[in-house]
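Next comes protein-v6.cif, a file with mmCIF, C-alpha atoms.
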```
data_target
#
loop_
_atom_site.label_atom_id
_atom_site.label_comp_id
_atom_site.auth_asym_id
_atom_site.auth_seq_id
_atom_site.Cartn_x
_atom_site.Cartn_y
_atom_site.Cartn_z
CA MET B 1 120.41 16.02 77.32
CA ASN B 2 117.87 13.33 76.52
CA LYS B 3 115.09 13.93 74.02
CA PRO B 4 112.10 14.13 76.41
CA LEU B 5 113.95 16.65 78.59
CA LEU B 6 115.01 18.64 75.53
CA GLY B 7 111.42 18.63 74.24
CA THR B 8 110.02 19.63 77.62
CA LEU B 9 112.47 22.50 78.12
CA LEU B 10 112.15 23.76 74.55
CA GLY B 11 108.36 23.45 74.67
CA GLY B 12 108.27 25.37 77.96
CA VAL B 13 110.52 28.18 76.74
CA LEU B 14 108.67 28.51 73.45
CA GLY B 15 105.38 28.36 75.35
CA VAL B 16 106.41 31.30 77.55
CA PHE B 17 107.51 33.25 74.49
CA ASP B 18 104.34 32.33 72.61
CA GLY B 19 102.23 33.50 75.55
CA LEU B 20 104.07 36.80 75.76
CA THR B 21 103.43 37.54 72.08
CA ALA B 22 99.78 37.93 73.01
CA LEU B 23 100.79 41.39 74.23
CA ILE B 24 101.54 42.29 70.60
CA SER B 25 98.97 40.31 68.66
CA ALA B 26 96.11 40.94 71.11
CA PRO B 27 96.95 43.90 73.42
CA GLU B 28 93.53 43.75 75.00
CA THR B 29 94.62 40.56 76.80
CA ALA B 30 97.30 42.44 78.80
CA PRO B 31 95.43 42.24 82.17
CA ASP B 32 95.36 38.46 81.87
CA ILE B 33 98.92 38.03 80.58
CA VAL B 34 100.24 36.11 83.63
CA GLY B 35 97.55 33.46 83.24
CA ILE B 36 98.09 33.32 79.50
CA VAL B 37 101.85 32.84 79.88
CA ILE B 38 101.44 30.15 82.54
CA GLY B 39 98.82 28.35 80.45
CA SER B 40 100.93 28.60 77.31
CA MET B 41 104.00 27.33 79.19
CA CYS B 42 102.09 24.34 80.56
CA LYS B 43 100.83 23.57 77.05
CA GLY B 44 104.40 23.78 75.74
CA LEU B 45 105.73 21.56 78.51
CA ILE B 46 103.14 18.85 77.83
CA VAL B 47 103.56 19.00 74.05
CA GLY B 48 107.38 19.00 74.40
CA ALA B 49 107.37 16.02 76.74
CA LEU B 50 105.05 14.02 74.47
CA VAL B 51 106.96 14.84 71.27
CA GLY B 52 110.30 14.13 73.00
CA TRP B 53 108.97 10.82 74.27
CA TYR B 54 107.88 9.95 70.73
CA ALA B 55 111.33 10.92 69.37
CA VAL B 56 112.97 8.35 71.64
CA ARG B 57 110.80 5.60 70.19
CA VAL B 58 110.57 6.61 66.55
CA HIS B 59 113.56 7.94 64.64
CA SER B 60 111.96 9.64 61.65
CA LEU B 61 112.15 13.34 60.95
CA ALA B 62 108.94 13.31 58.90
CA LYS B 63 106.99 11.44 61.57
CA GLY B 64 108.51 13.59 64.31
CA LEU B 65 107.39 16.77 62.53
CA LEU B 66 103.92 15.32 61.94
CA VAL B 67 103.50 14.30 65.57
CA GLY B 68 104.77 17.72 66.68
CA VAL B 69 102.16 19.47 64.54
CA VAL B 70 99.29 17.17 65.46
CA VAL B 71 99.94 17.16 69.23
CA SER B 72 100.50 20.92 69.41
CA ALA B 73 97.44 21.55 67.19
CA PHE B 74 95.35 19.42 69.52
CA PHE B 75 96.40 21.30 72.66
CA ALA B 76 96.18 24.66 70.89
CA PHE B 77 92.67 23.71 69.84
CA LEU B 78 91.72 23.00 73.46
CA VAL B 79 92.99 26.44 74.47
CA ALA B 80 91.45 28.24 71.49
CA ALA B 81 88.13 26.56 72.15
CA ILE B 82 87.80 28.54 75.39
CA PRO B 83 85.53 31.45 74.38
CA GLN B 84 86.45 35.07 75.03
CA PRO B 85 84.08 37.26 77.11
CA ASP B 86 82.44 38.42 73.90
CA GLY B 87 81.98 34.83 72.77
CA SER B 88 84.65 34.95 70.03
CA HIS B 89 87.59 32.57 69.66
CA TYR B 90 91.27 33.14 68.83
CA TRP B 91 91.44 30.14 66.50
CA VAL B 92 94.06 31.42 64.06
CA GLU B 93 96.01 33.48 66.63
CA ILE B 94 96.54 30.45 68.88
CA MET B 95 96.50 27.46 66.55
CA LEU B 96 98.77 28.59 63.71
CA PRO B 97 101.73 29.71 65.86
CA GLY B 98 101.12 26.73 68.15
CA MET B 99 101.49 24.36 65.21
CA ILE B 100 104.76 25.99 64.18
CA VAL B 101 106.01 25.63 67.75
CA GLY B 102 105.10 21.94 67.44
CA LEU B 103 107.14 21.75 64.23
CA ILE B 104 110.14 23.32 65.98
CA VAL B 105 109.91 20.94 68.92
CA GLY B 106 109.38 17.95 66.58
CA TYR B 107 112.42 18.91 64.52
CA ALA B 108 114.63 19.61 67.52
CA THR B 109 113.80 16.37 69.31
CA GLN B 110 114.39 14.28 66.19
CA THR B 111 117.65 16.04 65.29
CA TYR B 112 119.22 16.78 68.66
CA GLY B 113 119.21 15.26 72.09
CA ARG B 114 120.45 11.90 73.25
CA ALA B 115 118.36 8.90 72.40
CA LYS B 116 117.87 6.19 74.99
CA PRO B 117 120.91 3.87 74.88
CA ILE B 118 120.30 0.40 73.51
CA SER B 119 120.56 -2.16 76.27
CA VAL B 120 122.17 -5.50 75.51
CA ARG B 121 121.11 -8.49 77.53
CA MET I 1 169.92 -14.20 11.23
CA THR I 2 166.37 -13.32 12.18
CA TRP I 3 165.76 -10.42 14.52
CA LEU I 4 163.12 -10.88 17.15
CA SER I 5 160.48 -8.21 17.48
CA ASP I 6 160.01 -6.28 20.73
CA ALA I 7 156.74 -8.12 21.27
CA VAL I 8 158.45 -11.49 21.02
CA VAL I 9 161.28 -10.39 23.28
CA GLY I 10 158.73 -9.11 25.77
CA ARG I 11 156.85 -12.38 25.66
CA LEU I 12 160.08 -14.37 26.13
CA ARG I 13 161.01 -12.19 29.08
CA GLU I 14 157.56 -12.71 30.56
CA VAL I 15 157.82 -16.46 30.16
CA ALA I 16 161.34 -16.45 31.60
CA THR I 17 160.15 -14.69 34.74
CA TRP I 18 156.89 -16.63 34.97
CA PRO I 19 156.95 -18.04 38.49
CA GLU I 20 157.17 -21.79 38.90
CA LEU I 21 155.55 -22.64 42.16
CA ASN I 22 156.83 -25.69 43.98
CA SER I 23 153.33 -26.48 45.05
CA ASP I 24 150.30 -27.42 42.97
CA ARG I 25 147.98 -25.46 45.21
CA TYR I 26 148.12 -22.27 43.10
CA GLU I 27 147.74 -22.07 39.31
CA ILE I 28 149.21 -18.87 37.91
CA ARG I 29 146.83 -17.42 35.33
CA ARG I 30 147.84 -13.93 34.20
CA PRO I 31 149.89 -10.95 35.28
CA VAL I 32 147.72 -8.15 36.69
CA GLY I 33 150.30 -5.56 37.66
CA ARG I 34 153.99 -4.88 37.75
CA GLY I 35 155.88 -2.58 40.10
CA GLY I 36 159.51 -1.80 40.71
CA MET I 37 159.85 -4.57 43.23
CA GLY I 38 157.50 -7.29 42.14
CA THR I 39 154.88 -8.52 39.73
CA VAL I 40 151.39 -9.46 40.79
CA TYR I 41 149.69 -12.41 39.10
CA ALA I 42 146.12 -13.56 39.27
CA ALA I 43 146.13 -17.19 40.34
CA TYR I 44 143.68 -19.90 41.29
CA ASP I 45 143.74 -21.51 44.69
CA THR I 46 142.86 -25.13 43.96
CA VAL I 47 142.26 -25.99 47.61
CA LEU I 48 139.81 -23.22 48.45
CA GLU I 49 138.68 -22.90 44.80
CA ARG I 50 138.95 -19.16 44.51
CA GLU I 51 141.00 -16.56 42.71
CA VAL I 52 143.89 -15.02 44.60
CA ALA I 53 146.74 -12.67 43.80
CA ILE I 54 150.37 -13.73 44.04
CA LYS I 55 153.17 -11.21 44.24
CA VAL I 56 156.58 -12.41 43.11
CA SER I 57 159.81 -10.44 43.25
CA ASN I 58 161.10 -9.13 39.92
CA ALA I 59 164.66 -10.30 40.49
CA LEU I 60 165.77 -12.60 37.67
CA VAL I 61 168.41 -13.94 40.01
CA PRO I 62 167.93 -13.99 43.78
CA ASP I 63 168.58 -10.48 45.09
CA ASP I 64 168.93 -10.22 48.84
CA GLY I 65 167.79 -6.57 48.96
CA LEU I 66 164.69 -7.14 46.86
CA GLU I 67 163.84 -10.40 48.61
CA GLU I 68 164.18 -8.72 51.97
CA ARG I 69 161.86 -5.91 50.87
CA LEU I 70 159.24 -8.38 49.66
CA ARG I 71 159.50 -10.34 52.88
CA LEU I 72 159.09 -7.14 54.87
CA GLU I 73 156.09 -6.12 52.75
CA ALA I 74 154.41 -9.49 53.38
CA ARG I 75 155.07 -9.18 57.09
CA VAL I 76 153.83 -5.60 57.20
CA LEU I 77 150.63 -6.57 55.40
CA ALA I 78 150.13 -9.58 57.65
CA ARG I 79 150.60 -7.34 60.67
CA LEU I 80 148.05 -4.78 59.47
CA GLU I 81 144.63 -6.35 59.69
CA HIS I 82 142.33 -3.58 58.47
CA PRO I 83 139.48 -3.29 55.92
CA GLY I 84 141.64 -0.84 53.96
CA ILE I 85 144.57 -3.22 53.58
CA VAL I 86 144.66 -6.34 51.39
CA PRO I 87 144.92 -9.44 53.60
CA VAL I 88 147.85 -11.83 53.11
CA HIS I 89 146.95 -15.54 53.03
CA ASP I 90 150.24 -17.31 52.48
CA ALA I 91 153.93 -16.85 51.63
CA GLY I 92 156.69 -19.05 50.29
CA VAL I 93 159.78 -19.46 48.13
CA LEU I 94 159.81 -20.39 44.43
CA ASP I 95 162.04 -23.14 43.03
CA ASP I 96 164.42 -20.44 41.76
CA GLY I 97 164.74 -18.98 45.23
CA ARG I 98 162.51 -15.95 44.73
CA LEU I 99 159.99 -15.04 47.39
CA TYR I 100 156.28 -14.81 46.82
CA TYR I 101 153.26 -14.14 48.90
CA VAL I 102 149.58 -14.81 48.31
CA MET I 103 146.88 -12.25 49.00
CA LYS I 104 143.28 -11.46 48.20
CA LEU I 105 142.66 -10.59 44.56
CA VAL I 106 140.93 -7.22 44.53
CA HIS I 107 138.46 -6.61 41.70
CA GLY I 108 138.21 -2.90 41.02
CA GLU I 109 140.18 -0.02 39.64
CA THR I 110 142.89 2.27 40.86
CA LEU I 111 141.98 5.62 42.34
CA ALA I 112 143.66 7.24 39.33
CA ALA I 113 141.09 5.51 37.10
CA ARG I 114 138.12 5.96 39.45
CA ALA I 115 138.66 9.63 40.34
CA PRO I 116 136.84 11.12 37.30
CA ALA I 117 133.69 9.22 38.34
CA LEU I 118 133.73 10.82 41.78
CA ALA I 119 131.48 13.73 40.92
CA THR I 120 131.05 15.62 44.16
CA GLU I 121 133.38 16.92 46.83
CA ALA I 122 131.57 14.70 49.34
CA ASP I 123 132.28 11.58 47.21
CA ARG I 124 135.95 12.47 46.89
CA LEU I 125 136.30 13.26 50.56
CA ALA I 126 134.59 10.00 51.52
CA VAL I 127 137.21 8.04 49.56
CA PHE I 128 140.05 10.17 50.86
CA VAL I 129 138.99 9.76 54.48
CA ARG I 130 139.05 5.98 54.03
CA ILE I 131 142.64 6.23 52.77
CA ALA I 132 143.64 8.50 55.66
CA GLU I 133 141.98 6.16 58.17
CA THR I 134 143.96 3.24 56.78
CA VAL I 135 147.20 5.20 57.01
CA ALA I 136 146.25 6.25 60.56
CA PHE I 137 145.78 2.61 61.49
CA ALA I 138 149.15 1.70 59.95
CA GLN I 139 150.87 4.55 61.79
CA ASP I 140 149.25 3.43 65.00
CA SER I 141 150.77 0.01 64.33
CA GLY I 142 154.19 1.56 63.80
CA VAL I 143 154.23 1.43 59.99
CA VAL I 144 154.70 4.24 57.46
CA HIS I 145 153.75 3.65 53.81
CA ARG I 146 156.15 6.13 52.13
CA ASP I 147 154.65 5.83 48.65
CA LEU I 148 151.06 7.02 48.84
CA GLN I 149 149.81 8.07 45.41
CA PRO I 150 146.69 7.51 43.26
CA ALA I 151 148.07 4.39 41.55
CA ASN I 152 148.60 2.76 44.95
CA VAL I 153 144.98 3.04 46.00
CA MET I 154 142.35 0.64 44.74
CA VAL I 155 138.59 1.15 44.81
CA GLY I 156 136.89 -2.23 44.83
CA ARG I 157 133.61 -3.17 43.18
CA PHE I 158 131.76 -2.86 46.49
CA GLY I 159 133.15 0.63 47.05
CA GLU I 160 135.86 -0.57 49.43
CA VAL I 161 139.03 1.54 49.41
CA LEU I 162 142.32 -0.32 49.72
CA VAL I 163 145.80 1.09 50.13
CA LEU I 164 148.22 -1.07 48.14
CA ASP I 165 151.92 -1.43 47.52
CA TRP I 166 153.46 -1.43 50.95
CA GLY I 167 156.73 -2.46 49.28
CA VAL I 168 158.63 0.56 50.50
CA ALA I 169 156.79 0.77 53.80
CA ARG I 170 158.93 0.81 56.84
CA LEU I 171 158.60 0.24 60.51
CA VAL I 172 158.90 3.52 62.38
CA ASP I 173 161.60 2.23 64.71
CA LEU I 174 163.71 0.79 61.89
CA ILE I 175 166.79 2.82 61.03
CA GLU I 176 167.65 2.87 57.33
CA SER I 177 170.75 4.16 55.60
CA PRO I 178 170.46 7.88 54.85
CA GLY I 179 170.41 8.81 51.18
CA ILE I 180 167.81 6.28 50.09
CA ARG I 181 164.99 7.97 48.17
CA VAL I 182 161.63 6.32 47.99
CA GLY I 183 158.29 7.63 46.83
CA THR I 184 156.67 9.21 43.80
CA PRO I 185 157.47 12.74 42.59
CA GLY I 186 154.65 15.08 43.48
CA PHE I 187 153.66 12.97 46.47
CA MET I 188 157.07 12.74 48.06
CA ALA I 189 157.88 14.77 51.18
CA PRO I 190 160.82 17.19 50.84
CA GLU I 191 162.81 15.33 53.49
CA LEU I 192 162.42 12.08 51.51
CA GLN I 193 163.42 13.86 48.28
CA ARG I 194 166.59 15.05 49.99
CA GLY I 195 167.16 11.55 51.29
CA ASP I 196 167.97 12.96 54.72
CA SER I 197 165.44 10.91 56.63
CA ALA I 198 167.32 8.36 58.71
CA THR I 199 164.19 7.05 60.36
CA ALA I 200 160.76 6.69 58.83
CA GLU I 201 158.50 9.47 60.02
CA PRO I 202 154.69 9.58 59.85
CA ALA I 203 155.07 13.19 58.67
CA ALA I 204 156.20 11.92 55.25
CA ASP I 205 152.90 10.09 54.85
CA ILE I 206 151.04 13.21 55.98
CA PHE I 207 152.73 15.16 53.18
CA ALA I 208 151.73 12.49 50.64
CA LEU I 209 148.15 12.50 52.00
CA GLY I 210 148.04 16.28 51.52
CA ALA I 211 149.23 15.92 47.94
CA LEU I 212 146.67 13.17 47.42
CA LEU I 213 143.92 15.36 48.87
CA THR I 214 144.86 18.22 46.56
CA TRP I 215 144.98 15.80 43.62
CA ILE I 216 141.61 14.17 44.37
CA LEU I 217 139.86 17.52 44.83
CA GLY I 218 141.12 18.55 41.40
CA ASP I 219 140.54 21.93 39.83
CA ALA I 220 137.16 22.52 41.46
CA ALA I 221 136.80 25.51 43.78
CA VAL I 222 137.91 24.13 47.12
CA PRO I 223 136.43 25.67 50.29
CA ARG I 224 138.98 27.68 52.27
CA ARG I 225 138.88 25.42 55.32
CA LEU I 226 139.45 22.30 53.24
CA ARG I 227 142.27 24.02 51.37
CA ALA I 228 143.83 24.89 54.74
CA ILE I 229 143.76 21.21 55.72
CA ALA I 230 145.59 20.21 52.51
CA ASP I 231 148.06 23.07 52.97
CA LYS I 232 148.82 22.05 56.54
CA CYS I 233 149.69 18.54 55.29
CA ALA I 234 151.99 19.95 52.61
CA GLN I 235 154.13 22.15 54.87
CA PRO I 236 157.85 21.85 53.99
CA ASP I 237 158.77 21.52 57.66
CA PRO I 238 157.47 18.18 59.01
CA HIS I 239 156.83 19.78 62.41
CA ASP I 240 154.27 22.15 60.86
CA ARG I 241 152.18 19.26 59.49
CA TYR I 242 149.64 17.18 61.37
CA ALA I 243 151.42 15.05 63.94
CA ASN I 244 149.83 11.91 62.53
CA ALA I 245 147.10 10.72 60.17
CA ALA I 246 144.62 10.32 63.04
CA ASP I 247 144.78 14.09 63.64
CA LEU I 248 144.19 14.67 59.93
CA VAL I 249 141.18 12.32 59.98
CA ALA I 250 139.82 14.16 63.04
CA ASP I 251 140.13 17.52 61.28
CA LEU I 252 138.44 16.14 58.15
CA SER I 253 135.62 14.76 60.28
CA ARG I 254 135.14 18.19 61.84
CA TYR I 255 135.11 19.75 58.37
CA ARG I 256 132.50 17.28 57.14
CA ALA I 257 130.36 17.94 60.23
CA GLY I 258 130.47 21.68 59.56
CA LEU I 259 132.62 22.38 62.61
CA PRO I 260 135.73 24.59 62.87
CA VAL I 261 138.99 22.84 61.90
CA SER I 262 142.38 23.17 63.58
CA ALA I 263 144.09 24.06 60.29
CA HIS I 264 142.12 27.26 59.78
CA ARG I 265 141.22 30.13 62.10
CA ASP I 266 137.69 31.16 61.17
CA THR I 267 136.63 34.80 61.07
CA LEU I 268 133.51 35.83 62.98
CA LEU I 269 131.57 35.88 59.70
CA GLU I 270 132.76 32.37 58.80
CA ARG I 271 131.77 31.10 62.25
CA ALA I 272 128.34 32.64 61.83
CA GLY I 273 128.07 31.01 58.40
CA LEU I 274 129.05 27.62 59.84
CA TRP I 275 126.52 28.00 62.65
CA PHE I 276 123.79 28.98 60.21
CA THR I 277 124.61 26.09 57.87
CA LYS I 278 124.45 23.64 60.76
CA TYR I 279 121.19 24.94 62.23
CA GLN I 280 119.54 26.32 59.10
CA THR I 281 116.34 24.27 59.41
CA LEU I 282 115.84 25.32 63.00
CA VAL I 283 116.60 28.95 62.12
CA PHE I 284 114.11 28.72 59.26
CA LEU I 285 111.39 27.31 61.53
CA ILE I 286 111.93 29.98 64.18
CA ALA I 287 111.92 32.67 61.46
CA ALA I 288 108.66 31.21 60.14
CA TYR I 289 107.18 31.39 63.64
CA LEU I 290 108.25 35.01 64.14
CA LEU I 291 106.95 35.94 60.69
CA MET I 292 103.63 34.31 61.50
CA ARG I 293 103.40 36.25 64.75
CA ALA I 294 104.32 39.51 63.01
CA LEU I 295 101.69 38.95 60.31
CA LEU I 296 99.03 38.14 62.90
CA ALA I 297 99.88 41.30 64.84
CA PHE I 298 99.79 43.33 61.65
CA PHE I 299 96.42 42.04 60.51
CA GLN I 300 95.04 42.38 64.04
CA ARG I 301 95.65 46.11 63.84
CA ILE I 302 93.82 46.54 60.54
CA PRO I 303 90.31 47.70 61.40
#
```
Structure re-expressed in C-alpha cells:
Amino acid sequence: MNKPLLGTLLGGVLGVFDGLTALISAPETAPDIVGIVIGSMCKGLIVGALVGWYAVRVHSLAKGLLVGVVVSAFFAFLVAAIPQPDGSHYWVEIMLPGMIVGLIVGYATQTYGRAKPISVR
Amino acid sequence: MTWLSDAVVGRLREVATWPELNSDRYEIRRPVGRGGMGTVYAAYDTVLEREVAIKVSNALVPDDGLEERLRLEARVLARLEHPGIVPVHDAGVLDDGRLYYVMKLVHGETLAARAPALATEADRLAVFVRIAETVAFAQDSGVVHRDLQPANVMVGRFGEVLVLDWGVARLVDLIESPGIRVGTPGFMAPELQRGDSATAEPAADIFALGALLTWILGDAAVPRRLRAIADKCAQPDPHDRYANAADLVADLSRYRAGLPVSAHRDTLLERAGLWFTKYQTLVFLIAAYLLMRALLAFFQRIP
C-alpha cells in the first residue's frame, strides 16, 4: 500500500472513531452524531492524504510527526471554530485528540507504506 | 662446540624458508602469519607501488599434496569474488619449486582479537551475519570452507569482515578420500571429526557457523530465539541443521527484524511480545489517544 493511500485510509478510520467518541465525551451531541462522524471522517481523509503525500516526498520521522500535528491541528481548529448553539466552542475536546490522530497518521506514513519507486532515466 | 639457542635456530629456519621470488616485482618484507599449510608475508608490489600479501607453502622440499592444496586455495579464492573474501591478484612458482600466490594485504585484526570490543548483541550479530553471508556466497558457488573459526575471520580497519584461510576448502562436487580430518576442535562438525565425510557438505560449515555464533555471543544472556538458531546449526545430524548458509542468514535477518524464526516455535505470549516490540510506538500513540479521550470524558462529567 502506498503512503498517501495508507494515510487516507488510516485518517478516515481514525476520523470515524474520533467522531464516535463524541457520544462519550459530549453525550448531548448524540442527535447530531451522523453529521459529526461524517465531518470527522472527511477531516481524517484530508489530513491523511496530505500527510501521506508529504511522507512520499520527505523521509523524516520528526518532520512527518510535525506535519501530522500541524495539519491535523489546522483542520481541527476549523471544526472547533464552529460555535455550538449556546455560542461555546469544543476547542480542547476536538483539537487535542485531533492532534494525536495527526501524530499517529504522521508516524504510520513515515514508518509504513510503500514509498514512490525511484525512476531511472 | 657451541650450541645454538632456540632463537637462533628459529631465525635460521625462517631465513631458510624465506621465499626467493624469481621476479623482482615483489619485495618480501616480513612474515605476518603462519598456518599449517603456508606462511603469509607482507610484500611490496614495485609495479603498482602498494603493499600486498604473499602466501607461500610451508614445504621445505616440494610436496605435491601441499602444493596442490595451495593451488586449489588460490583457485577457490580467485573464483569467489565477494567483499567478504580476500581477492587474489597473482600466482606463481618460486625458484625452489614452491607455489605462491599474491593477494590483498588486509590491515585489521582477527575476530578472536576484535570480539571483546564488540559490546552489544547487535554489534556481534552484525559481524556474524557478514561471515554467514560470505559462506552463503561460497556455498552458492559450490565451495565449502571446512575450517571456520575466530582466527580465520579478519575484521579490517574499515569494519569489513573477511573470511580467510580457504586452505582446506573444497569444491562440493569433489570426492576426497574418507578418513581425512580437517577443521578446528570445537568448530568441527561431528561427521568431519569422524572422518566419514566422503564429499564436502555445506552442513559442516553450518555446524561451524553455529559454534562461531555461540562463541561470538559469549556468556551474555542470549534470547531464546537466537539460542534456537545456534542450536539448530549445532545439531549432530546434518539433516537437522539449516540446509545451507543462505537459510541461516534468512533466519538471522528475521530475528533482527523482530519476526518469528524457523528455528523456534513461538508461544502466543512470545508472538504478542514480538508484535508489541515491533509496533510499540504506534501502540503508545493509540494508547495516548485513548487516554486523552478517557480523560476528556471524565472531566466533562465533573460538574
Check: What does the distance between atom CA of Leu45 of chain B and atom CA of Leu14 of chain B come to in Å, to one decimal place?
Finding: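 Computed distance, atom CA of Leu45 of chain B to atom CA of Leu14 of chain B, equals 9.1 Å.
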Within 9 Å of chain I, which residues of chain B are there when counting only C-alpha atoms? Please give them as a compact mmCIF listing (two decimals) with C-alpha atoms, in the coordinates of the input.
```
# COMPACT_ATOMS: atom_id res chain seq x y z
CA ASP B 18 104.34 32.33 72.61
CA THR B 21 103.43 37.54 72.08
CA ALA B 22 99.78 37.93 73.01
CA ILE B 24 101.54 42.29 70.60
CA SER B 25 98.97 40.31 68.66
CA ALA B 26 96.11 40.94 71.11
CA VAL B 92 94.06 31.42 64.06
CA GLU B 93 96.01 33.48 66.63
CA LEU B 96 98.77 28.59 63.71
CA PRO B 97 101.73 29.71 65.86
CA GLY B 98 101.12 26.73 68.15
CA ILE B 100 104.76 25.99 64.18
CA VAL B 101 106.01 25.63 67.75
CA LEU B 103 107.14 21.75 64.23
CA ILE B 104 110.14 23.32 65.98
CA TYR B 107 112.42 18.91 64.52
CA ALA B 108 114.63 19.61 67.52
```
Next item on the list: Have a look at atom CA of Val56 of chain I and atom CA of Ile85 of chain I and let me know their distance in Å, one decimal.
Entry: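 Here the two named atoms are 18.4 Å from each other.
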Next item on the list: Using all atoms listed in the file, pick whichever of I:Ala136, I:Leu248, I:Ala211, I:Leu94 has the shortest atom-to-atom distance to Ile229 of chain I.
Entry: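 Closest to Ile229 of chain I of all the choices is I:Leu248.
Here atom CA of Gly48 of chain B is placed at a distance of 27.3 Å from atom CA of Pro31 of chain B.
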Next item on the list: Would you kindly translate the PyMOL selection byres ((chain B and resi 16) around 9) into the concrete residues it picks from this file, as a VMD selection string?
Entry: chain B and resid 11 to 15 17 to 21 36 to 42 44
Taking C-alpha atoms for each residue, export the selection above as a PDB file, in the coordinates of the input.
```pdb
ATOM      1  CA  GLY B  11     108.360  23.450  74.670  1.00  0.00           C
ATOM      2  CA  GLY B  12     108.270  25.370  77.960  1.00  0.00           C
ATOM      3  CA  VAL B  13     110.520  28.180  76.740  1.00  0.00           C
ATOM      4  CA  LEU B  14     108.670  28.510  73.450  1.00  0.00           C
ATOM      5  CA  GLY B  15     105.380  28.360  75.350  1.00  0.00           C
ATOM      6  CA  PHE B  17     107.510  33.250  74.490  1.00  0.00           C
ATOM      7  CA  ASP B  18     104.340  32.330  72.610  1.00  0.00           C
ATOM      8  CA  GLY B  19     102.230  33.500  75.550  1.00  0.00           C
ATOM      9  CA  LEU B  20     104.070  36.800  75.760  1.00  0.00           C
ATOM     10  CA  THR B  21     103.430  37.540  72.080  1.00  0.00           C
ATOM     11  CA  ILE B  36      98.090  33.320  79.500  1.00  0.00           C
ATOM     12  CA  VAL B  37     101.850  32.840  79.880  1.00  0.00           C
ATOM     13  CA  ILE B  38     101.440  30.150  82.540  1.00  0.00           C
ATOM     14  CA  GLY B  39      98.820  28.350  80.450  1.00  0.00           C
ATOM     15  CA  SER B  40     100.930  28.600  77.310  1.00  0.00           C
ATOM     16  CA  MET B  41     104.000  27.330  79.190  1.00  0.00           C
ATOM     17  CA  CYS B  42     102.090  24.340  80.560  1.00  0.00           C
ATOM     18  CA  GLY B  44     104.400  23.780  75.740  1.00  0.00           C
TER      19      GLY B  44
END
```
Note to self: Taking 4 positions as the minimum chain separation for residues in the same chain, which residues sit within 7 Å of Ala74 of chain I when counting only C-alpha atoms? Answer as a list in words.
What the structure shows: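 Close residues of Ala74 of chain I: Leu70, Ala78, Val88 and Tyr101 of chain I.
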